[in-house]
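Visitor: What follows is the file start-v1.tsv, containing TSV, C-alpha atoms:
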```tsv
chain	number	residue	atom	x	y	z
A	10	MET	CA	41.77	87.81	29.22
A	11	GLY	CA	38.67	88.90	31.17
A	12	ALA	CA	36.84	86.84	33.78
A	13	ASN	CA	33.88	86.18	31.47
A	14	ALA	CA	36.18	84.99	28.68
A	15	ARG	CA	38.02	82.66	31.07
A	16	THR	CA	34.69	81.27	32.34
A	17	SER	CA	33.51	80.65	28.79
A	18	LEU	CA	36.78	78.96	27.87
A	19	HIS	CA	36.58	76.76	30.98
A	20	GLY	CA	33.01	75.82	30.09
A	21	LEU	CA	34.03	74.82	26.56
A	22	ARG	CA	36.75	72.57	28.01
A	23	ALA	CA	34.26	70.70	30.24
A	24	LEU	CA	33.79	67.07	29.26
A	25	ARG	CA	30.00	67.24	29.31
A	26	VAL	CA	29.98	70.29	26.98
A	27	ARG	CA	32.37	68.58	24.59
A	28	LEU	CA	30.19	65.46	24.58
A	29	VAL	CA	27.12	67.56	23.73
A	30	ILE	CA	28.96	69.30	20.87
A	31	PHE	CA	30.31	65.97	19.60
A	32	PHE	CA	26.96	64.16	19.65
A	33	ALA	CA	25.14	67.17	18.15
A	34	ALA	CA	27.70	67.41	15.31
A	35	VAL	CA	27.53	63.67	14.62
A	36	LEU	CA	23.72	63.51	14.61
A	37	THR	CA	23.36	66.71	12.57
A	38	ALA	CA	25.87	65.43	10.01
A	39	ALA	CA	24.00	62.12	9.85
A	40	LEU	CA	20.70	63.99	9.32
A	41	LEU	CA	22.18	66.14	6.54
A	42	VAL	CA	23.76	63.14	4.83
A	43	PHE	CA	20.47	61.29	4.99
A	44	GLY	CA	18.59	64.30	3.53
A	45	GLY	CA	21.18	64.75	0.79
A	46	THR	CA	20.98	61.04	-0.09
A	47	VAL	CA	17.20	61.21	-0.27
A	48	TYR	CA	17.34	64.28	-2.53
A	49	VAL	CA	19.92	62.68	-4.88
A	50	ALA	CA	17.80	59.55	-5.08
A	51	ALA	CA	14.73	61.69	-5.91
A	52	VAL	CA	16.63	63.56	-8.65
A	53	LEU	CA	17.77	60.29	-10.20
A	54	ALA	CA	14.27	58.86	-10.03
A	55	GLU	CA	12.72	61.93	-11.68
A	56	ALA	CA	15.35	61.85	-14.43
A	57	ALA	CA	14.40	58.27	-15.29
A	58	GLU	CA	10.65	59.06	-15.58
A	59	GLN	CA	9.02	60.09	-18.87
A	60	GLU	CA	7.15	63.25	-17.94
A	61	PRO	CA	7.31	66.98	-18.66
A	62	GLU	CA	10.23	68.91	-17.24
A	63	SER	CA	7.92	71.30	-15.40
A	64	GLU	CA	6.33	68.40	-13.56
A	65	LYS	CA	9.75	67.07	-12.54
A	66	GLN	CA	10.80	70.47	-11.20
A	67	ARG	CA	7.55	70.79	-9.27
A	68	GLU	CA	8.02	67.40	-7.63
A	69	LEU	CA	11.67	68.15	-6.81
A	70	ALA	CA	10.65	71.51	-5.29
A	71	HIS	CA	8.11	69.68	-3.15
A	72	ILE	CA	10.81	67.22	-1.98
A	73	ARG	CA	13.17	70.10	-1.17
A	74	GLY	CA	10.48	71.71	0.93
A	75	LEU	CA	9.90	68.50	2.86
A	76	LEU	CA	13.64	68.08	3.44
A	77	ALA	CA	13.94	71.70	4.64
A	78	LEU	CA	11.02	71.17	7.02
A	79	ALA	CA	12.63	67.96	8.27
A	80	SER	CA	15.89	69.82	8.84
A	81	VAL	CA	14.18	72.67	10.70
A	82	VAL	CA	12.40	70.20	12.96
A	83	GLY	CA	15.14	67.53	13.11
A	84	ILE	CA	18.15	69.67	14.03
A	85	PRO	CA	16.62	70.96	17.31
A	86	ILE	CA	15.53	67.42	18.09
A	87	THR	CA	19.07	66.23	17.29
A	88	ILE	CA	20.60	68.81	19.65
A	89	SER	CA	18.12	67.85	22.38
A	90	ALA	CA	18.92	64.17	21.89
A	91	ALA	CA	22.64	64.96	22.03
A	92	LEU	CA	22.16	66.90	25.26
A	93	PHE	CA	20.13	64.09	26.82
A	94	GLY	CA	22.53	61.39	25.63
A	95	ALA	CA	25.63	63.21	26.84
A	96	ARG	CA	24.05	63.85	30.23
A	97	LEU	CA	22.92	60.24	30.52
A	98	LEU	CA	26.30	58.80	29.56
A	99	SER	CA	28.40	61.16	31.64
A	100	HIS	CA	26.20	61.52	34.74
A	101	HIS	CA	27.60	58.72	36.90
A	102	ALA	CA	31.17	59.04	35.69
A	103	LEU	CA	31.33	62.82	36.08
A	104	GLU	CA	29.62	62.69	39.47
A	105	SER	CA	32.34	60.32	40.65
A	106	VAL	CA	35.06	62.49	39.13
A	107	GLY	CA	33.57	65.57	40.80
A	108	ARG	CA	33.51	63.76	44.13
A	109	ILE	CA	37.15	62.73	43.62
A	110	VAL	CA	38.12	66.34	42.90
A	111	ARG	CA	36.25	67.66	45.96
A	112	THR	CA	37.83	65.07	48.24
A	113	ALA	CA	41.30	65.62	46.78
A	114	ASN	CA	41.01	69.36	47.42
A	115	THR	CA	40.50	68.68	51.14
A	116	LEU	CA	43.63	66.53	51.51
A	117	THR	CA	46.66	67.95	53.28
A	118	LEU	CA	49.71	66.40	54.94
A	119	ASP	CA	47.88	66.72	58.27
A	120	HIS	CA	44.69	65.17	56.90
A	121	LEU	CA	45.47	62.16	54.72
A	122	ASP	CA	42.96	59.77	56.27
A	123	ALA	CA	40.13	60.63	53.84
A	124	ARG	CA	39.55	58.19	51.00
A	125	LEU	CA	37.89	58.66	47.63
A	126	ALA	CA	34.46	57.14	47.07
A	127	CYS	CA	33.10	55.81	43.78
A	128	GLN	CA	29.40	56.02	42.93
A	129	PRO	CA	27.94	52.64	41.91
A	130	GLY	CA	27.55	52.33	38.17
A	131	SER	CA	30.35	54.76	37.35
A	132	GLY	CA	32.11	52.20	35.19
A	133	ARG	CA	35.06	49.89	35.57
A	134	GLU	CA	37.59	52.52	34.50
A	135	ILE	CA	36.47	55.02	37.16
A	136	GLU	CA	36.43	52.28	39.82
A	137	GLU	CA	39.99	51.26	38.91
A	138	LEU	CA	41.06	54.92	39.04
A	139	VAL	CA	39.55	55.35	42.52
A	140	ASP	CA	41.21	52.15	43.77
A	141	ALA	CA	44.59	53.27	42.39
A	142	LEU	CA	44.27	56.73	43.95
A	143	ASN	CA	43.26	55.27	47.33
A	144	ALA	CA	46.24	52.90	47.23
A	145	MET	CA	48.47	55.89	46.41
A	146	LEU	CA	47.00	57.82	49.37
A	147	ASP	CA	47.76	54.84	51.63
A	148	ARG	CA	51.38	54.87	50.51
A	149	ILE	CA	51.65	58.64	50.91
A	150	GLY	CA	50.08	58.42	54.38
A	151	ARG	CA	52.52	55.73	55.50
A	152	ALA	CA	55.45	57.70	54.08
A	153	ALA	CA	54.30	60.92	55.78
A	154	ARG	CA	53.89	59.19	59.15
A	155	SER	CA	57.26	57.51	58.78
A	156	LEU	CA	58.90	60.82	57.83
A	157	ARG	CA	57.37	62.61	60.83
A	158	ARG	CA	58.47	59.87	63.21
A	159	PHE	CA	61.93	59.70	61.63
A	160	THR	CA	62.38	63.48	61.85
A	161	ALA	CA	61.22	63.60	65.47
A	162	ASP	CA	63.45	60.68	66.48
A	163	ALA	CA	66.47	62.11	64.64
A	164	ALA	CA	65.94	65.50	66.27
A	165	HIS	CA	65.69	63.84	69.68
A	166	GLU	CA	68.88	61.83	69.14
A	167	LEU	CA	70.77	64.90	67.96
A	168	ARG	CA	69.47	67.30	70.60
A	169	THR	CA	70.85	65.50	73.66
A	170	PRO	CA	74.54	65.20	72.61
A	171	ILE	CA	74.50	68.72	71.21
A	172	ALA	CA	73.13	70.05	74.51
A	173	VAL	CA	75.80	68.14	76.44
A	174	LEU	CA	78.59	69.49	74.21
A	175	SER	CA	77.25	73.03	74.47
A	176	SER	CA	77.03	72.90	78.28
A	177	GLU	CA	80.56	71.48	78.68
A	178	ILE	CA	82.07	74.10	76.37
A	179	GLU	CA	80.10	76.87	78.09
A	180	VAL	CA	81.36	75.78	81.52
A	181	CYS	CA	84.95	75.75	80.24
A	182	LEU	CA	84.56	79.27	78.86
A	183	ARG	CA	83.01	80.68	82.05
A	184	HIS	CA	85.39	79.15	84.56
A	185	PRO	CA	89.16	78.73	84.22
A	186	ARG	CA	90.32	75.13	84.01
A	187	ASP	CA	93.70	73.54	84.52
A	188	PRO	CA	95.27	71.91	81.43
A	189	ASP	CA	94.42	68.36	82.53
A	190	THR	CA	90.75	69.16	83.13
A	191	LEU	CA	90.58	71.11	79.89
A	192	ARG	CA	92.19	68.24	78.01
A	193	ALA	CA	89.66	65.78	79.51
A	194	THR	CA	86.77	68.08	78.56
A	195	LEU	CA	88.04	68.45	75.01
A	196	GLY	CA	88.50	64.67	74.78
A	197	ALA	CA	84.90	64.11	75.91
A	198	ALA	CA	83.72	66.75	73.41
A	199	LEU	CA	85.68	65.08	70.64
A	200	GLU	CA	84.16	61.73	71.53
A	201	GLY	CA	80.70	63.29	71.46
A	202	LEU	CA	81.40	64.82	68.06
A	203	GLY	CA	82.54	61.42	66.79
A	204	SER	CA	79.26	59.90	67.97
A	205	LEU	CA	77.34	62.66	66.22
A	206	SER	CA	79.35	62.09	63.06
A	207	ARG	CA	78.50	58.38	63.12
A	208	LEU	CA	74.83	59.18	63.64
A	209	VAL	CA	74.83	61.60	60.69
A	210	ASP	CA	76.51	58.96	58.50
A	211	VAL	CA	73.83	56.43	59.43
A	212	LEU	CA	71.05	58.95	58.78
A	213	LEU	CA	72.51	59.80	55.37
A	214	THR	CA	72.70	56.10	54.55
A	215	LEU	CA	69.04	55.64	55.49
A	216	VAL	CA	68.01	58.66	53.42
A	217	ARG	CA	69.91	57.34	50.38
A	218	SER	CA	68.35	53.93	50.90
A	219	ASP	CA	64.84	55.41	51.08
A	220	ALA	CA	65.52	57.36	47.89
A	221	GLY	CA	66.83	54.24	46.12
A	222	GLU	CA	70.25	55.87	45.65
A	223	LEU	CA	72.35	53.41	47.62
A	224	PRO	CA	74.92	52.01	45.15
A	225	ILE	CA	74.98	48.23	44.65
A	226	ALA	CA	77.88	46.31	43.09
A	227	PRO	CA	76.90	42.63	42.83
A	228	THR	CA	79.88	40.31	42.86
A	229	ARG	CA	80.27	36.56	42.98
A	230	ILE	CA	81.51	35.80	46.49
A	231	ASP	CA	82.07	32.90	48.85
A	232	PRO	CA	80.00	33.74	51.96
A	233	ALA	CA	82.21	31.54	54.15
A	234	VAL	CA	85.19	33.76	53.34
A	235	LEU	CA	83.15	36.92	53.92
A	236	ILE	CA	81.92	35.68	57.32
A	237	THR	CA	85.48	34.90	58.38
A	238	GLN	CA	86.70	38.35	57.33
A	239	ILE	CA	83.86	40.27	59.00
A	240	ALA	CA	83.97	38.24	62.22
A	241	ALA	CA	87.76	38.57	62.70
A	242	PRO	CA	87.71	42.08	64.30
A	243	PHE	CA	84.87	41.09	66.64
A	244	ASP	CA	86.89	38.22	68.05
A	245	GLY	CA	88.98	40.70	70.03
A	246	ILE	CA	85.91	42.74	71.03
A	247	ALA	CA	84.20	39.59	72.31
A	248	ALA	CA	87.30	38.58	74.25
A	249	GLU	CA	87.41	42.00	75.98
A	250	ARG	CA	83.85	41.40	77.18
A	251	ASN	CA	84.56	37.84	78.28
A	252	LEU	CA	82.57	36.37	75.39
A	253	ARG	CA	83.40	33.53	73.06
A	254	LEU	CA	82.84	33.94	69.31
A	255	CYS	CA	82.27	30.69	67.38
A	256	ILE	CA	82.01	30.36	63.60
A	257	GLU	CA	80.24	27.31	62.16
A	258	LEU	CA	80.68	26.74	58.43
A	259	PRO	CA	79.35	23.78	56.43
A	260	ALA	CA	81.82	21.22	55.22
A	261	PRO	CA	82.89	21.78	51.58
A	262	PRO	CA	81.25	19.46	49.01
A	263	ALA	CA	82.98	16.20	48.17
A	264	SER	CA	83.81	17.47	44.69
A	265	GLY	CA	85.80	20.29	46.22
A	266	CYS	CA	83.78	22.83	44.23
A	267	ALA	CA	82.74	25.93	46.19
A	268	SER	CA	79.87	26.80	43.81
A	269	ALA	CA	77.32	25.29	46.20
A	270	LEU	CA	77.94	28.24	48.54
A	271	ALA	CA	78.40	30.93	45.88
A	272	LEU	CA	76.44	34.15	46.09
A	273	SER	CA	76.01	37.01	43.68
A	274	THR	CA	75.58	39.98	45.98
A	275	ASP	CA	77.19	43.20	47.16
A	276	PRO	CA	79.86	42.15	49.69
A	277	LEU	CA	80.02	45.66	51.21
A	278	LEU	CA	76.30	45.81	52.08
A	279	LEU	CA	76.18	42.20	53.21
A	280	GLY	CA	79.31	42.74	55.30
A	281	ARG	CA	77.79	45.82	56.95
A	282	ALA	CA	74.60	43.89	57.70
A	283	LEU	CA	76.56	41.07	59.34
A	284	ALA	CA	78.77	43.55	61.22
A	285	ASN	CA	75.68	45.25	62.67
A	286	LEU	CA	74.39	41.91	63.96
A	287	LEU	CA	77.75	41.01	65.48
A	288	ASP	CA	78.03	44.46	67.08
A	289	ASN	CA	74.59	44.03	68.68
A	290	ALA	CA	75.45	40.53	69.86
A	291	CYS	CA	78.65	41.77	71.52
A	292	LYS	CA	76.76	44.63	73.20
A	293	TYR	CA	73.89	42.62	74.62
A	294	ALA	CA	75.33	39.13	75.22
A	295	THR	CA	75.70	38.16	78.86
A	296	GLU	CA	79.27	38.12	80.17
A	297	GLY	CA	80.76	34.67	79.79
A	298	GLY	CA	78.31	33.78	77.04
A	299	VAL	CA	78.75	32.53	73.50
A	300	ILE	CA	78.09	34.22	70.15
A	301	THR	CA	77.66	31.84	67.24
A	302	VAL	CA	77.83	32.73	63.55
A	303	ALA	CA	76.62	29.89	61.32
A	304	LEU	CA	76.23	29.49	57.57
A	305	ARG	CA	73.38	27.23	56.51
A	306	ARG	CA	72.83	25.89	53.02
A	307	CYS	CA	69.13	25.55	52.03
A	308	THR	CA	67.41	24.47	48.82
A	309	ASP	CA	66.94	27.90	47.28
A	310	ASP	CA	68.83	30.21	49.60
A	311	LEU	CA	71.69	30.65	52.03
A	312	GLN	CA	71.25	31.74	55.63
A	313	ILE	CA	73.75	33.51	57.86
A	314	ILE	CA	72.63	33.00	61.46
A	315	VAL	CA	73.93	35.04	64.41
A	316	ARG	CA	72.94	33.67	67.82
A	317	ASP	CA	73.78	35.18	71.19
A	318	SER	CA	73.24	34.09	74.78
A	319	GLY	CA	72.02	37.44	76.08
A	320	PRO	CA	68.79	38.27	77.93
A	321	GLY	CA	66.78	38.37	74.69
A	322	MET	CA	63.76	40.58	74.02
A	323	SER	CA	60.16	40.67	75.09
A	324	ALA	CA	57.43	39.97	72.52
A	325	LEU	CA	56.74	43.73	72.27
A	326	ASP	CA	60.40	44.54	71.68
A	327	LEU	CA	60.69	41.80	69.05
A	328	ALA	CA	57.72	43.26	67.16
A	329	HIS	CA	59.47	46.66	66.96
A	330	ALA	CA	63.10	45.51	66.85
A	331	CYS	CA	63.64	46.77	63.29
A	332	ASP	CA	61.89	50.12	63.79
A	333	ARG	CA	64.15	53.10	63.44
A	334	PHE	CA	65.46	54.53	66.74
A	335	TYR	CA	63.66	51.82	68.69
A	336	ARG	CA	65.54	50.46	71.68
A	337	GLY	CA	64.31	47.77	74.05
A	338	SER	CA	63.03	48.97	77.39
A	339	ALA	CA	65.65	46.90	79.24
A	340	HIS	CA	68.56	48.63	77.45
A	341	ARG	CA	67.19	52.11	76.79
A	342	GLY	CA	69.70	54.63	78.13
A	343	SER	CA	72.07	51.95	79.50
A	344	THR	CA	73.73	50.74	76.26
A	345	GLU	CA	75.40	52.88	73.66
A	346	GLY	CA	73.88	53.10	70.24
A	347	PHE	CA	71.16	54.91	68.33
A	348	GLY	CA	68.64	52.12	67.75
A	349	LEU	CA	69.37	52.11	64.02
A	350	GLY	CA	71.48	48.98	63.57
A	351	LEU	CA	68.68	46.49	62.90
A	352	SER	CA	66.66	48.91	60.77
A	353	LEU	CA	69.75	49.61	58.68
A	354	THR	CA	70.46	45.88	58.37
A	355	GLN	CA	66.89	45.29	57.24
A	356	GLU	CA	67.27	47.99	54.58
A	357	PHE	CA	70.52	46.42	53.33
A	358	MET	CA	68.88	43.00	53.04
A	359	ARG	CA	65.87	44.47	51.22
A	360	ILE	CA	68.18	46.10	48.70
A	361	LEU	CA	70.06	42.82	48.23
A	362	GLY	CA	66.82	40.92	47.62
A	363	GLY	CA	67.02	39.06	50.91
A	364	SER	CA	65.47	39.37	54.35
A	365	LEU	CA	66.24	39.74	58.05
A	366	THR	CA	64.34	37.86	60.75
A	367	ILE	CA	64.73	38.28	64.50
A	368	ALA	CA	63.48	35.60	66.91
A	369	ALA	CA	63.95	34.47	70.47
A	370	ALA	CA	66.57	31.77	71.00
A	371	GLN	CA	66.18	28.87	73.39
A	372	PRO	CA	66.78	28.80	76.28
A	373	ALA	CA	67.83	32.48	76.16
A	374	GLY	CA	69.14	35.12	73.80
A	375	LEU	CA	68.30	36.13	70.25
A	376	VAL	CA	68.80	34.59	66.85
A	377	ALA	CA	69.07	36.87	63.81
A	378	THR	CA	68.94	35.33	60.34
A	379	LEU	CA	70.11	36.91	57.07
A	380	THR	CA	68.56	35.10	54.11
A	381	LEU	CA	69.83	35.52	50.54
A	382	PRO	CA	69.03	33.63	47.31
A	383	ARG	CA	71.65	31.16	46.10
A	384	MET	CA	73.24	31.07	42.67
A	385	HIS	CA	72.09	28.20	40.43
```
Will you turn the file into structure tokens for me?
Guide:
Amino acid sequence: MGANARTSLHGLRALRVRLVIFFAAVLTAALLVFGGTVYVAAVLAEAAEQEPESEKQRELAHIRGLLALASVVGIPITISAALFGARLLSHHALESVGRIVRTANTLTLDHLDARLACQPGSGREIEELVDALNAMLDRIGRAARSLRRFTADAAHELRTPIAVLSSEIEVCLRHPRDPDTLRATLGAALEGLGSLSRLVDVLLTLVRSDAGELPIAPTRIDPAVLITQIAAPFDGIAAERNLRLCIELPAPPASGCASALALSTDPLLLGRALANLLDNACKYATEGGVITVALRRCTDDLQIIVRDSGPGMSALDLAHACDRFYRGSAHRGSTEGFGLGLSLTQEFMRILGGSLTIAAAQPAGLVATLTLPRMH
């Protein structure tokens, strides 16, 4: 198909051209129907009159001439009216659509700050379309910024241990080592690979969570039992660090029924969320301090509260505590971890329909609260 043919086809598909053709066809059809109705009425009237046939034919010929003249004059006027009407009706709307198209053509992943504008008087439908597209651009912009930051942070976290492993292996290859030194180097390399493996697992979990592909298996559970099971391994970890782990559970109801504490949730995700909080508490709590895990029964929800007696966080660190790869300035580089525990816990709670809140404890430390809806 030639360029001229494609241009003509594109022109015929334009909304304004189709409006002109539609209005012209409708008005022309209305004009022809009106003329035909007038002529039929004239024929019927002449048939009812008592006059010579030649006179009737003369009068009908005169009427046909008038109708032909009206058609010759009326059809161009009809087309002009259709053109004017289509332009008038489509002007504001099409101007806004054209502006939307021009703005959209300038958008790239590096330039998502532009927003679509709507010309006043374009109509409610166009205004709603512009609002919806701008909201979509906001979401895409946030996702793109988050993806860039996530990619940069992940690359940074992976680059350092890989560089360390590469340098250690390179030194071993260049210079002979005795078996004990070689064994120690291989052990350190294996430990580094294990850390990398854990980081990759966490990153894959975050990616699956972002894509909505993290499997959920809701089950009716007793949160008191879950807390006891998850906290058991951390009792030994806390003891190694001269910490005391305390579990506070509400007294069972007088009826002996455990339904007041029942939850319908995924025990695996909830357990991982609680384990992340306990792991953080054991890492950052001050030696000789206390870590408390409490279960609180509220009107419409249940809360699992983890409190530690560590140094706590500054207001700036609290504001970014759940950001991916974020680590407080006081612990950056001095405590193991990737800065993903709280962000992963927040994702788990979002999937479970609950929430995570982090706040400063008094007189010192942090209090993290997992909130989940109760069963009724």
Visitor: Name the residues, using the chain letters and numbers of the file, that sit within 10 Å of (72.2, 41.5, 55.3) when counting all atoms listed in the file, and give them as a CSV table (one decimal) with C-alpha atoms, keeping the file's coordinate frame.
Guide:
```csv
chain,number,residue,atom,x,y,z
A,275,ASP,CA,77.2,43.2,47.2
A,276,PRO,CA,79.9,42.2,49.7
A,277,LEU,CA,80.0,45.7,51.2
A,278,LEU,CA,76.3,45.8,52.1
A,279,LEU,CA,76.2,42.2,53.2
A,280,GLY,CA,79.3,42.7,55.3
A,281,ARG,CA,77.8,45.8,57.0
A,282,ALA,CA,74.6,43.9,57.7
A,283,LEU,CA,76.6,41.1,59.3
A,284,ALA,CA,78.8,43.6,61.2
A,285,ASN,CA,75.7,45.2,62.7
A,286,LEU,CA,74.4,41.9,64.0
A,312,GLN,CA,71.2,31.7,55.6
A,313,ILE,CA,73.8,33.5,57.9
A,351,LEU,CA,68.7,46.5,62.9
A,353,LEU,CA,69.8,49.6,58.7
A,354,THR,CA,70.5,45.9,58.4
A,355,GLN,CA,66.9,45.3,57.2
A,356,GLU,CA,67.3,48.0,54.6
A,357,PHE,CA,70.5,46.4,53.3
A,358,MET,CA,68.9,43.0,53.0
A,359,ARG,CA,65.9,44.5,51.2
A,360,ILE,CA,68.2,46.1,48.7
A,361,LEU,CA,70.1,42.8,48.2
A,362,GLY,CA,66.8,40.9,47.6
A,363,GLY,CA,67.0,39.1,50.9
A,364,SER,CA,65.5,39.4,54.4
A,365,LEU,CA,66.2,39.7,58.0
A,378,THR,CA,68.9,35.3,60.3
A,379,LEU,CA,70.1,36.9,57.1
A,380,THR,CA,68.6,35.1,54.1
A,381,LEU,CA,69.8,35.5,50.5
```
Visitor: Report, in Å to a single decimal, how far apart atom CA of A:Arg67 and atom CA of A:Pro85 are.
Guide: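 Taking atom CA of A:Pro85 as the start and atom CA of A:Arg67 as the end point, the length is 28.1 Å.
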Visitor: Just the number, please: distance in Å from atom CA of A:Leu167 to atom CA of A:Leu223, one decimal.
Guide: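 Atom CA of A:Leu223 lies 23.4 Å from atom CA of A:Leu167.
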Visitor: Mind checking which residues fall within 8 Å of A:Thr37, counting all atoms listed in the file, ignoring those fewer than 2 positions away in the same chain, and posting them as number ranges by chain?
Guide: A: 33-35, 39-41, 84, 87-88
Visitor: If you count all atoms listed in the file, which residues fall within 12 Å of A:Leu304, apart from same-chain ones fewer than 2 positions away, as a ChimeraX atom specification?
Guide: /A:231-237,255-261,270-271,283,301-302,306-307,310-316,378-381
Visitor: With only C-alpha atoms as the atoms that count, which of A:Thr295, A:Ser105, A:Ser204, A:Thr160 lies nearest to A:Arg250?
Guide: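 Ranking A:Thr295, A:Ser105, A:Ser204, A:Thr160 by distance to A:Arg250, first place goes to A:Thr295.
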Visitor: When you draw a straight line from atom CA of A:Phe93 to atom CA of A:Leu28, how long is it in Å?
Guide: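 These two atoms are separated by 10.4 Å.
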Visitor: List as a list in words the protein and nucleic acid residues near stretch 323-333 of chain A, meaning an atom at most 9 Å away when all atoms listed in the file are counted, but skip any in the same chain fewer than 5 places from it.
Guide: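 So, after excluding close chain neighbours, the residues are Arg158, Phe159, Asp162, Ser338, Phe347, Gly348, Leu349, Gly350, Leu351, Ser352, Leu353, Thr354, Gln355, Ile367, Ala368 and Ala369 of chain A.
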Visitor: Would you mind listing what lies within 10 Å of A:Asp119 as a PyMOL selection string, with all atoms listed in the file counted and same-chain residues fewer than 3 positions away left out?
Guide: chain A and resi 116+122+150+153-154
Visitor: Quick one: of A:Gly201, A:Gly94, A:Leu212, A:Leu76, who's nearest to A:Ala164, counting all atoms listed in the file?
Guide: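 Ranked by minimum distance to A:Ala164, first place goes to A:Leu212.
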Visitor: Grab all the atoms of stretch 103-116 of chain A that the file lists, wrap them in a box along x, y and z, add 6 Å per side, and give me centre plus edge lengths in Å (one decimal) as AutoDock Vina command-line options.
Guide:
```
--center_x 36.6 --center_y 64.8 --center_z 43.8 --size_x 26.0 --size_y 21.0 --size_z 27.4
```
Visitor: Point out the residue among A:Ala247, A:Gly44, A:Val29, A:Thr274 with the least atom-to-atom distance to A:Ala77, counting only C-alpha atoms.
Guide: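 When distances to A:Ala77 are compared using only C-alpha atoms, the smallest one comes from A:Gly44.
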